[in-house]
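Asker: Take this structure, written in structure tokens, and hold onto it; I'll ask about it next.
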Amino acid sequence: MPFYHYTARDNQGKLLEGQAEALSADALAAQFQASQLMPIRITQVVEKTSLDLARFFSFRRKTKVTLDDLILFCRQMYTLNASGVPLIRAIRGLVETARNPTLGEALGRVVEDLEAGMELSGAFSRHAEVFPPLLCRMVQVGEVTGKLDNVFKQLALYFEREKETINQVKAALRYPTFVLIAIAIAVSIITLFVIPAFEKVFSGFGADLPLPTRILMALSSFMQHYWYVLLALLVLTVLGIKQGLKTQKGRYTWDRYKLKIPLVGDIILRSTLARFSRGFNMSYTAGIPLSQALGFTARAVDNVFVGGKIEKIRNGIERGDTLTRSATQTGMFTPLVLQMLAVGEETGAVDTMLADVAEFYEREVEYDIKNLSSAIEPIMIVIIGGMVLVLALGVFLPMWNLSSIAR
């Protein structure tokens with residue numbers, strides 16, 4: 001972001017000058033007005049064109065702020081707030097001890113904004129790549145209610161459950177991924193090194209080779225002579241997928257179809273719905289209006305397709321429909337969950353029912369993951385058996401033919 005040189009006056013008429021970083025001059029002026037400062041002049045600072053070698057060689061790629069970093073940050077903020085440590089001093093101390101440089105840099109700018117008179121939620125919202133919208137909104141609720149320490153405690157618990165769910169899904173995908181990688185490596189080694197050794201033997205038979213053998217020899221010859229084409233196609237495919245996932249349409253398509261992957265898709269869907277229920281319950285319990293809580297939770301589930309379904313629930317509620325009816329129209333929830341939501345609406349205990357729904361989905365995810373290995377093993381055995389059968393036919397059929405000719 002560019003830097004701007006500003007001149008402003010505070011409530012006492014004192015003249016203030018300095019430099020600040022902002023998206024635009026209008027954004028900086030709006031920030032001053034929110035802090036009860038009157039901007040007089042804002043001009044962009046023109047950077048020097050000379051090459052700063054020290055800065056060039058000290059360039060460092062920003063590290064992503066993970067859930068572990070957010071959990072630790074929320075735990076530390078809860079402890080410091082509960083102990084009565086002033087907010088600015090607490091965050092300044094976290095800047096010095098932050099393990100993640102990106103988080104430390106963001107917290108340093110948060111301290112500057114707080115010293116300029118900005119609220120904590122507003123300072124967090126300026127760094128959307130570090131602090132999720134749900135966190136910023138919850139902090140704003142904590143500032144209004146005076147329960148900021150309790151908010152950070154709830155956020156820490158929420159991020160811990162989210163991390164546990166993500167780890168369970170990764171554990172479910174780890175076994176089939178390793179098996180498929182091992183099969184790909186084995187096939188590559190056989191076609192590049194084993195088949196060429198047998199090809200010299202087969203060429204001296206003087207007889208027609210069986211179809212499986214000809215297929216294996218053609219595949220081996222292609223991989224030996226055009227391996228760079230396959231490598232280029234693989235690299236282009238990976239880059240194309242990465243670029244496609246950066247687009248809104250590509251991300252939506254992937255988030256939609258990964259929920260339909262056999263055996264694993266249901267686990268991903270249930271874990272996403274558990275994350276939605278937890279976030280929605282936390283926002284609703286904190287006093288955030290129902291439609292706003294749905295909006296923030298839709299962006300916190302980390303799935304564009306499911307987030308779009310949640311936005312439809314929000315639109316239905318804004319039109320006057322009930323939560324249960326709007327959730328039914330999405331087609332994502334089971335009849336049991338819809339019945340639980342209906343009971344929660346009738347009794348006025350939606351927050352309790354949301355917690356029960358989250359626990360229901362989490363138990364289902366845990367059960368499915370425990371049984372996933374037993375469900376995948378037969379499929380992997382069939383795949384490996386088919387590969388061994390093809391290779392065996394391709395290698396041993398010519399030998400059997402040779403023995404029959406020799407007789």
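Scheme for the structure tokens: letters A, B, ... for chains in order shown; per-chain residue numbers from 1; ligand numbers from 1 in order shown.
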Find the residues around Leu290 of chain A up to 9 Å (only C-alpha atoms counted), leave out those fewer than 4 positions away in its own chain, and share them as a list of chain:residue names.
Answerer: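 Contacts, in chain order: A:Phe280, A:Ser283, A:Tyr284, A:Leu294, A:Gly295, A:Arg314, A:Ile317.
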Asker: Please provide the set of residues having any atom within 10 Å of Leu323 of chain A, restricted to only C-alpha atoms, with same-chain residues fewer than 6 positions apart removed, written as a count of residues only.
Answerer: 11
Asker: Tell me which of A:Met399, A:Leu80, A:Val85, A:Gln31 sits closest to Leu114 of chain A, counting only C-alpha atoms.
Answerer: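 Of all the options, A:Gln31 lies closest to Leu114 of chain A.
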Asker: Considering only C-alpha atoms, can you say which of A:Ile88, A:Leu180, A:Ile288, A:Met217 comes closest to Ile381 of chain A?
Answerer: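 That would be A:Leu180, the residue with the smallest distance to Ile381 of chain A.
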Asker: Taking only C-alpha atoms into account, which of A:Pro132, A:Pro176, A:Gly146, A:Pro39 comes nearest Ser374 of chain A?
Answerer: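 Nearest to Ser374 of chain A: A:Pro176.
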Asker: With distances taken over only C-alpha atoms, which of A:Ile190, A:Leu107, A:Leu72, A:Ala232 is nearest to Leu391 of chain A?
Answerer: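 When distances to Leu391 of chain A are compared using only C-alpha atoms, the smallest one comes from A:Ile190.
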Asker: Within 10 Å of segment 250-258 of chain A, counting only C-alpha atoms, which residues qualify if same-chain residues fewer than 2 places away don't, as a PyMOL selection string?
Answerer: chain A and resi 241-248+260-262+264-266+268-269+302-308
Asker: For Leu336 of chain A, work out the shell of residues within 12 Å, counting only C-alpha atoms and skipping chain neighbours fewer than 5 positions away, then give it as a list of chain:residue names.
Answerer: A:Thr324, A:Thr328, A:Leu341, A:Ala342, A:Val343, A:Met353, A:Asp356, A:Val357, A:Phe360, A:Tyr361
Asker: Deliver the residues from the most recent selection as a file, using N, CA and C atoms, as an mmCIF file, in the first residue's frame.
Answerer:
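After the write, result11.cif holds the following:
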```cif
data_model
loop_
_atom_site.group_PDB
_atom_site.id
_atom_site.type_symbol
_atom_site.label_atom_id
_atom_site.label_comp_id
_atom_site.auth_asym_id
_atom_site.auth_seq_id
_atom_site.Cartn_x
_atom_site.Cartn_y
_atom_site.Cartn_z
ATOM 1 N N THR A 324 -35.457 -22.581 9.975
ATOM 2 C CA THR A 324 -35.621 -23.980 9.563
ATOM 3 C C THR A 324 -36.063 -24.084 8.109
ATOM 4 N N THR A 328 -33.924 -25.733 5.081
ATOM 5 C CA THR A 328 -34.477 -26.866 4.331
ATOM 6 C C THR A 328 -34.310 -26.662 2.831
ATOM 7 N N LEU A 341 -33.283 -27.892 14.655
ATOM 8 C CA LEU A 341 -33.377 -26.445 14.466
ATOM 9 C C LEU A 341 -34.809 -25.961 14.681
ATOM 10 N N ALA A 342 -35.782 -26.748 14.215
ATOM 11 C CA ALA A 342 -37.185 -26.367 14.400
ATOM 12 C C ALA A 342 -37.548 -26.322 15.878
ATOM 13 N N VAL A 343 -37.072 -27.304 16.640
ATOM 14 C CA VAL A 343 -37.325 -27.303 18.087
ATOM 15 C C VAL A 343 -36.656 -26.105 18.741
ATOM 16 N N MET A 353 -29.378 -25.492 20.423
ATOM 17 C CA MET A 353 -29.546 -26.453 19.352
ATOM 18 C C MET A 353 -28.388 -26.389 18.351
ATOM 19 N N ASP A 356 -25.668 -28.374 19.764
ATOM 20 C CA ASP A 356 -25.962 -29.805 19.610
ATOM 21 C C ASP A 356 -25.739 -30.263 18.173
ATOM 22 N N VAL A 357 -26.117 -29.432 17.199
ATOM 23 C CA VAL A 357 -25.903 -29.773 15.792
ATOM 24 C C VAL A 357 -24.409 -29.906 15.498
ATOM 25 N N PHE A 360 -23.206 -33.091 16.875
ATOM 26 C CA PHE A 360 -23.721 -34.199 16.066
ATOM 27 C C PHE A 360 -22.844 -34.419 14.836
ATOM 28 N N TYR A 361 -22.530 -33.349 14.119
ATOM 29 C CA TYR A 361 -21.698 -33.481 12.925
ATOM 30 C C TYR A 361 -20.273 -33.898 13.286
#
```
Asker: Would you please work out which residue, of A:Glu162, A:Glu377, A:Glu199, A:Glu362, is nearest to Pro398 of chain A when using only C-alpha atoms?
Answerer: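 So, comparing all the options, the nearest one is A:Glu199.
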